[in-house]
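As stored in query.txt (compact mmCIF, C-alpha atoms and all ligand atoms):
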```txt
# COMPACT_ATOMS: atom_id res chain seq x y z
CA MET A 402 -19.35 4.68 -15.22
CA PHE A 403 -16.54 2.09 -15.08
CA PRO A 404 -13.33 3.10 -16.82
CA THR A 405 -11.71 1.06 -19.56
CA THR A 406 -8.13 1.92 -18.60
CA GLY A 407 -6.17 2.01 -15.36
CA HIS A 408 -5.90 -0.30 -12.39
CA ALA A 409 -8.67 -2.02 -10.45
CA LEU A 410 -8.60 -3.79 -7.09
CA GLU A 411 -11.34 -6.27 -6.32
CA LEU A 412 -11.77 -7.28 -2.68
CA ALA A 413 -13.17 -10.76 -2.00
CA CYS A 414 -13.27 -11.43 -5.73
CA GLY A 415 -14.63 -14.97 -5.44
CA ALA A 416 -14.40 -16.81 -8.75
CA GLY A 417 -13.38 -13.62 -10.54
CA ALA A 418 -16.36 -12.80 -12.73
CA ALA A 419 -16.29 -9.07 -12.00
CA SER A 420 -12.49 -8.83 -12.17
CA VAL A 421 -12.50 -10.54 -15.55
CA TRP A 422 -15.29 -8.23 -16.72
CA LEU A 423 -13.15 -5.21 -15.80
CA ALA A 424 -10.08 -6.72 -17.46
CA ARG A 425 -11.98 -7.53 -20.65
CA ARG A 426 -12.97 -3.86 -20.79
CA GLY A 427 -9.30 -2.86 -20.66
CA MET A 428 -8.26 -2.48 -17.02
CA THR A 429 -5.45 -4.26 -15.23
CA VAL A 430 -6.95 -6.00 -12.22
CA HIS A 431 -5.76 -7.34 -8.89
CA GLY A 432 -8.34 -9.63 -7.31
CA VAL A 433 -7.93 -11.03 -3.82
CA ASP A 434 -9.88 -13.61 -1.86
CA ILE A 435 -9.20 -15.82 1.13
CA SER A 436 -10.33 -18.91 -0.76
CA GLY A 437 -7.64 -20.70 -2.72
CA VAL A 438 -10.32 -22.55 -4.65
CA ALA A 439 -11.95 -19.28 -5.69
CA VAL A 440 -8.59 -17.77 -6.66
CA ASP A 441 -7.78 -20.81 -8.81
CA GLN A 442 -11.17 -20.45 -10.51
CA ALA A 443 -10.55 -16.74 -11.09
CA ARG A 444 -7.14 -17.41 -12.64
CA ASP A 445 -8.66 -20.07 -14.85
CA LEU A 446 -11.51 -17.80 -15.95
CA ALA A 447 -9.07 -14.99 -16.80
CA ALA A 448 -6.89 -17.35 -18.82
CA ARG A 449 -9.84 -18.88 -20.66
CA THR A 450 -11.21 -15.48 -21.60
CA GLY A 451 -7.87 -14.14 -22.82
CA VAL A 452 -7.12 -11.62 -20.07
CA GLY A 453 -4.74 -13.68 -17.97
CA ASP A 454 -1.92 -11.20 -18.60
CA ASN A 455 -4.02 -8.29 -17.30
CA CYS A 456 -5.22 -10.03 -14.15
CA ARG A 457 -3.46 -11.02 -10.95
CA PHE A 458 -5.31 -13.06 -8.35
CA ASP A 459 -3.89 -13.74 -4.90
CA VAL A 460 -5.01 -15.56 -1.80
CA VAL A 461 -5.27 -12.79 0.80
CA ASP A 462 -6.93 -12.74 4.20
CA LEU A 463 -8.52 -9.29 4.35
CA ASP A 464 -8.70 -9.65 8.12
CA ASP A 465 -5.07 -8.55 7.88
CA GLY A 466 -5.96 -5.43 5.86
CA LEU A 467 -5.55 -4.57 2.19
CA PRO A 468 -2.60 -6.04 0.32
CA ALA A 469 0.07 -3.55 -0.75
CA GLY A 470 -0.52 -2.06 -4.16
CA PRO A 471 -0.68 1.08 -6.26
CA PRO A 472 -3.52 3.60 -6.09
CA ALA A 473 -6.62 2.08 -7.67
CA ASP A 474 -8.81 3.71 -10.30
CA VAL A 475 -11.54 1.26 -9.32
CA ILE A 476 -12.10 -0.61 -6.07
CA LEU A 477 -14.84 -3.19 -6.25
CA CYS A 478 -16.27 -5.05 -3.31
CA ASN A 479 -19.23 -7.22 -4.23
CA ARG A 480 -21.08 -8.96 -1.42
CA PHE A 481 -18.34 -8.50 1.13
CA ARG A 482 -18.26 -6.00 3.97
CA ASP A 483 -15.59 -5.38 6.58
CA PRO A 484 -15.75 -1.91 8.17
CA ARG A 485 -12.15 -2.32 9.36
CA LEU A 486 -11.09 -1.81 5.72
CA ASP A 487 -12.96 1.45 5.17
CA ARG A 488 -10.03 3.80 5.90
CA ALA A 489 -7.63 1.76 3.78
CA ILE A 490 -10.11 1.72 0.88
CA LEU A 491 -10.44 5.49 1.00
CA ASP A 492 -6.66 5.85 1.10
CA ARG A 493 -6.11 3.44 -1.79
CA LEU A 494 -8.51 5.13 -4.21
CA ALA A 495 -6.72 7.26 -6.80
CA PRO A 496 -8.00 10.83 -7.25
CA GLY A 497 -11.22 10.51 -9.23
CA GLY A 498 -11.26 6.77 -8.57
CA LEU A 499 -14.50 4.84 -8.45
CA PHE A 500 -15.62 2.70 -5.50
CA ALA A 501 -18.43 0.19 -5.84
CA ILE A 502 -19.70 -1.96 -3.00
CA THR A 503 -22.67 -4.19 -2.36
CA ALA A 504 -23.31 -5.78 1.00
CA LEU A 505 -25.98 -7.53 2.98
CA SER A 506 -28.16 -5.00 4.78
CA GLU A 507 -30.40 -4.94 7.81
CA VAL A 508 -32.84 -2.88 5.74
CA GLY A 509 -35.56 -5.27 4.69
CA ALA A 510 -34.01 -8.12 6.64
CA ALA A 511 -33.32 -9.14 10.21
CA PRO A 512 -30.17 -7.72 11.85
CA GLY A 513 -27.17 -9.96 11.46
CA ARG A 514 -23.45 -9.97 12.05
CA PHE A 515 -22.48 -9.34 8.42
CA ARG A 516 -25.36 -6.98 7.57
CA ALA A 517 -24.77 -3.27 7.13
CA GLU A 518 -26.82 -1.05 9.43
CA PRO A 519 -29.18 1.50 7.84
CA GLY A 520 -27.11 4.25 6.24
CA GLU A 521 -23.85 2.49 7.04
CA LEU A 522 -22.27 2.58 3.58
CA THR A 523 -22.94 6.23 2.84
CA ALA A 524 -21.71 7.18 6.33
CA ALA A 525 -18.59 5.03 6.11
CA PHE A 526 -17.61 6.47 2.75
CA ALA A 527 -18.86 10.02 3.33
CA PRO A 528 -15.59 11.54 2.00
CA LEU A 529 -16.55 10.24 -1.45
CA LYS A 530 -19.04 11.80 -3.85
CA VAL A 531 -22.08 9.54 -4.07
CA ILE A 532 -23.13 8.60 -7.60
CA ALA A 533 -25.78 6.08 -6.59
CA ALA A 534 -26.74 4.40 -3.36
CA GLY A 535 -29.59 2.40 -1.99
CA GLU A 536 -30.68 -0.19 0.50
CA GLY A 537 -33.63 -2.53 0.70
CA ASP A 538 -34.65 -6.16 0.53
CA GLY A 539 -31.64 -7.06 2.64
CA GLU A 540 -29.05 -5.47 0.38
CA ALA A 541 -27.15 -2.18 0.41
CA TRP A 542 -25.03 -0.70 -2.35
CA LEU A 543 -22.98 2.34 -3.07
CA LEU A 544 -21.25 3.71 -6.14
CA ALA A 545 -19.07 6.70 -5.33
CA ARG A 546 -16.09 8.66 -6.60
CA SER A 547 -13.13 10.16 -4.78
C1 LIG B 601 -20.55 -13.70 -0.99
S1 LIG B 601 -18.95 -14.10 -1.64
C2 LIG B 601 -18.77 -12.87 -2.90
C3 LIG B 601 -17.75 -13.27 -3.92
C4 LIG B 601 -17.67 -12.32 -5.14
N1 LIG B 601 -17.35 -10.96 -4.75
C5 LIG B 601 -18.95 -12.37 -5.93
O1 LIG B 601 -19.72 -11.41 -5.92
O2 LIG B 601 -19.19 -13.41 -6.58
C6 LIG B 601 -17.88 -13.52 -0.35
C7 LIG B 601 -16.40 -13.77 -0.64
O3 LIG B 601 -15.64 -13.24 0.43
C8 LIG B 601 -14.51 -14.06 0.62
N2 LIG B 601 -13.98 -13.80 1.95
C9 LIG B 601 -14.58 -14.03 3.14
N3 LIG B 601 -13.78 -13.66 4.16
C10 LIG B 601 -12.64 -13.16 3.59
C11 LIG B 601 -11.43 -12.63 4.13
N4 LIG B 601 -11.23 -12.52 5.42
N5 LIG B 601 -10.48 -12.21 3.26
C12 LIG B 601 -10.67 -12.32 1.92
N6 LIG B 601 -11.79 -12.83 1.37
C13 LIG B 601 -12.77 -13.24 2.19
C14 LIG B 601 -15.06 -15.46 0.43
O4 LIG B 601 -14.04 -16.40 0.16
C15 LIG B 601 -16.01 -15.24 -0.74
O5 LIG B 601 -15.38 -15.46 -2.00
```
Using structure tokens, write down the structure from this file.
Ligand SMILES: C[S@@+](CC[C@H](N)C(=O)[O-])C[C@H]1O[C@@H](n2cnc3c(N)ncnc32)[C@H](O)[C@@H]1O
Amino acid sequence: MFPTTGHALELACGAGAASVWLARRGMTVHGVDISGVAVDQARDLAARTGVGDNCRFDVVDLDDGLPAGPPADVILCNRFRDPRLDRAILDRLAPGGLFAITALSEVGAAPGRFRAEPGELTAAFAPLKVIAAGEGDGEAWLLARS
């Protein structure tokens, strides 16, 4: 499902494994994370795997919203959930763009501050066309297209 051309934005990219995977498949990638250590690791991974020129990693506090950038053909958000970003994510997706998110879920686990409520992801991103979605064992995920 993931394209091999175009621009990807990864939110809370951590040490950059997914961003680098997208870049190695041919995308240009902007990964952001609040952790300077993680961003350094992501830059290092991209350089070591030969995609440093196609990746940009920045320290960004997503509490302040999405960083400025072009429409994204892919937005990836793996194990990070902040409902305050939902509108901005929808607005940033290019027409036909792909959005993939995984998050902790209350389904199959005790309620918690960072856990998505049952049905939360599909409701939050209802304007998108769902390709796959699920929740269970404390995790929720959604793959959808604008
Ligand atoms: C569970 S880790 C997931 C990292 C990566 N997506 C992965 O799957 O390996 C959550 C990430 O969210 C980042 N994070 C937490 N709060 C953040 C914020 N306010 N702005 C940006 N990144 C944040 C952390 O630094 C951490 O790298």
Completion exercise
Atom pair atom CA of A:Ala439 + atom O3 of ligand LIG 601 (chain B), distance 9.4 Å
Please, what is the axis-aligned box for every listed atom of ligand LIG 601 (chain B) with 6 Å on each side, as centre and edge lengths in Å to one decimal, as JSON?
```
{"center_x": -15.5, "center_y": -13.7, "center_z": -0.6, "size_x": 22.1, "size_y": 17.4, "size_z": 24.0}
```
Could you list, as a PDB file with C-alpha atoms, keeping the file's coordinate frame, all the residues within 6 Å of ligand LIG 601 (chain B), counting all atoms listed in the file?
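Output saved as pocket_24.pdb:
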```pdb
ATOM      1  CA  ALA A 413     -13.170 -10.760  -2.000  1.00  0.00           C
ATOM      2  CA  CYS A 414     -13.270 -11.430  -5.730  1.00  0.00           C
ATOM      3  CA  GLY A 415     -14.630 -14.970  -5.440  1.00  0.00           C
ATOM      4  CA  ASP A 434      -9.880 -13.610  -1.860  1.00  0.00           C
ATOM      5  CA  ILE A 435      -9.200 -15.820   1.130  1.00  0.00           C
ATOM      6  CA  SER A 436     -10.330 -18.910  -0.760  1.00  0.00           C
ATOM      7  CA  VAL A 461      -5.270 -12.790   0.800  1.00  0.00           C
ATOM      8  CA  ASP A 462      -6.930 -12.740   4.200  1.00  0.00           C
ATOM      9  CA  LEU A 463      -8.520  -9.290   4.350  1.00  0.00           C
ATOM     10  CA  ASP A 464      -8.700  -9.650   8.120  1.00  0.00           C
ATOM     11  CA  ASN A 479     -19.230  -7.220  -4.230  1.00  0.00           C
ATOM     12  CA  ARG A 480     -21.080  -8.960  -1.420  1.00  0.00           C
ATOM     13  CA  PHE A 481     -18.340  -8.500   1.130  1.00  0.00           C
TER      14      PHE A 481
END
```
Residues near A:Pro496, cut-off 10 Å, only C-alpha atoms, skip fewer than 6 positions along chain, as a compact mmCIF listing (two decimals) with C-alpha atoms, in the coordinates of the input:
```
# COMPACT_ATOMS: atom_id res chain seq x y z
CA PRO A 472 -3.52 3.60 -6.09
CA ALA A 473 -6.62 2.08 -7.67
CA ASP A 474 -8.81 3.71 -10.30
CA ARG A 546 -16.09 8.66 -6.60
CA SER A 547 -13.13 10.16 -4.78
```
Problem - Å distance separating atom CA of A:Val421 from atom CA of A:Thr503, one decimal place - result: 17.8 Å
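For the set A:Ala448, A:Ala511, A:Val430, A:Leu412, the residue with the smallest atom-to-atom gap to A:Gly466 is A:Leu412, counting only C-alpha atoms.
The spacing separating atom CA of A:Arg449 from atom CA of A:Phe500 amounts to 27.0 Å.
Each of A:Asp441, A:Gly451, A:Leu494, A:Pro519 was checked against A:Arg425 using only C-alpha atoms; the smallest atom-to-atom distance is that of A:Gly451.
Nearest to A:Lys530 of all the residues A:Glu518, A:Pro512, A:Thr450, A:Leu499 is A:Leu499, counting only C-alpha atoms.
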Problem - Near-A:Ala504 list (10 Å; all atoms listed in the file; drop same-chain fewer than 6 positions) as a PyMOL selection string - result: chain A and resi 478-483+515-517+522+536+539-543
For the residues selected in the previous step, produce a file with C-alpha atoms as a PDB file, keeping the file's coordinate frame.
```
ATOM      1  CA  CYS A 478     -16.270  -5.050  -3.310  1.00  0.00           C
ATOM      2  CA  ASN A 479     -19.230  -7.220  -4.230  1.00  0.00           C
ATOM      3  CA  ARG A 480     -21.080  -8.960  -1.420  1.00  0.00           C
ATOM      4  CA  PHE A 481     -18.340  -8.500   1.130  1.00  0.00           C
ATOM      5  CA  ARG A 482     -18.260  -6.000   3.970  1.00  0.00           C
ATOM      6  CA  ASP A 483     -15.590  -5.380   6.580  1.00  0.00           C
ATOM      7  CA  PHE A 515     -22.480  -9.340   8.420  1.00  0.00           C
ATOM      8  CA  ARG A 516     -25.360  -6.980   7.570  1.00  0.00           C
ATOM      9  CA  ALA A 517     -24.770  -3.270   7.130  1.00  0.00           C
ATOM     10  CA  LEU A 522     -22.270   2.580   3.580  1.00  0.00           C
ATOM     11  CA  GLU A 536     -30.680  -0.190   0.500  1.00  0.00           C
ATOM     12  CA  GLY A 539     -31.640  -7.060   2.640  1.00  0.00           C
ATOM     13  CA  GLU A 540     -29.050  -5.470   0.380  1.00  0.00           C
ATOM     14  CA  ALA A 541     -27.150  -2.180   0.410  1.00  0.00           C
ATOM     15  CA  TRP A 542     -25.030  -0.700  -2.350  1.00  0.00           C
ATOM     16  CA  LEU A 543     -22.980   2.340  -3.070  1.00  0.00           C
TER      17      LEU A 543
END
```
Handout entry: Spatial neighbours of A:Leu544, max dist 12 Å, only C-alpha atoms, sep filter under 5 positions, as an MDAnalysis selection string
Key = chainID A and resid 402:403 475:479 498:503 522:523 526:527 529:535
Writing out the chosen residues with C-alpha atoms as a short mmCIF file (atom, residue, chain, number, x, y, z; two decimals), keeping the file's coordinate frame:
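Writing the result to result_12.cif gives the following:
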```
data_model
loop_
_atom_site.label_atom_id
_atom_site.label_comp_id
_atom_site.auth_asym_id
_atom_site.auth_seq_id
_atom_site.Cartn_x
_atom_site.Cartn_y
_atom_site.Cartn_z
CA MET A 402 -19.35 4.68 -15.22
CA PHE A 403 -16.54 2.09 -15.08
CA VAL A 475 -11.54 1.26 -9.32
CA ILE A 476 -12.10 -0.61 -6.07
CA LEU A 477 -14.84 -3.19 -6.25
CA CYS A 478 -16.27 -5.05 -3.31
CA ASN A 479 -19.23 -7.22 -4.23
CA GLY A 498 -11.26 6.77 -8.57
CA LEU A 499 -14.50 4.84 -8.45
CA PHE A 500 -15.62 2.70 -5.50
CA ALA A 501 -18.43 0.19 -5.84
CA ILE A 502 -19.70 -1.96 -3.00
CA THR A 503 -22.67 -4.19 -2.36
CA LEU A 522 -22.27 2.58 3.58
CA THR A 523 -22.94 6.23 2.84
CA PHE A 526 -17.61 6.47 2.75
CA ALA A 527 -18.86 10.02 3.33
CA LEU A 529 -16.55 10.24 -1.45
CA LYS A 530 -19.04 11.80 -3.85
CA VAL A 531 -22.08 9.54 -4.07
CA ILE A 532 -23.13 8.60 -7.60
CA ALA A 533 -25.78 6.08 -6.59
CA ALA A 534 -26.74 4.40 -3.36
CA GLY A 535 -29.59 2.40 -1.99
#
```
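Every residue within 7 Å of the file position (-7.5, -9.0, -9.0), judged by only C-alpha atoms, is given as Leu410, Glu411, Ser420, Val430, His431, Gly432, Val433, Cys456, Arg457 and Phe458 of chain A.
Nearest-residue note for A:Ala545: choosing from A:Ala447, A:Leu423, A:Leu467, A:Ala524, the minimum distance belongs to A:Ala524, counting only C-alpha atoms.
Comparing the minimum interatomic distances between A:Gln442 and each of A:Gly537, A:Gly427, A:Gly417, A:Gly497, counting all atoms listed in the file, we find that A:Gly417 sits nearest.
Minimum distance to A:Ser506 across A:Ala416, A:His408, A:Asp492, A:Glu521 (counting only C-alpha atoms) occurs at A:Glu521.
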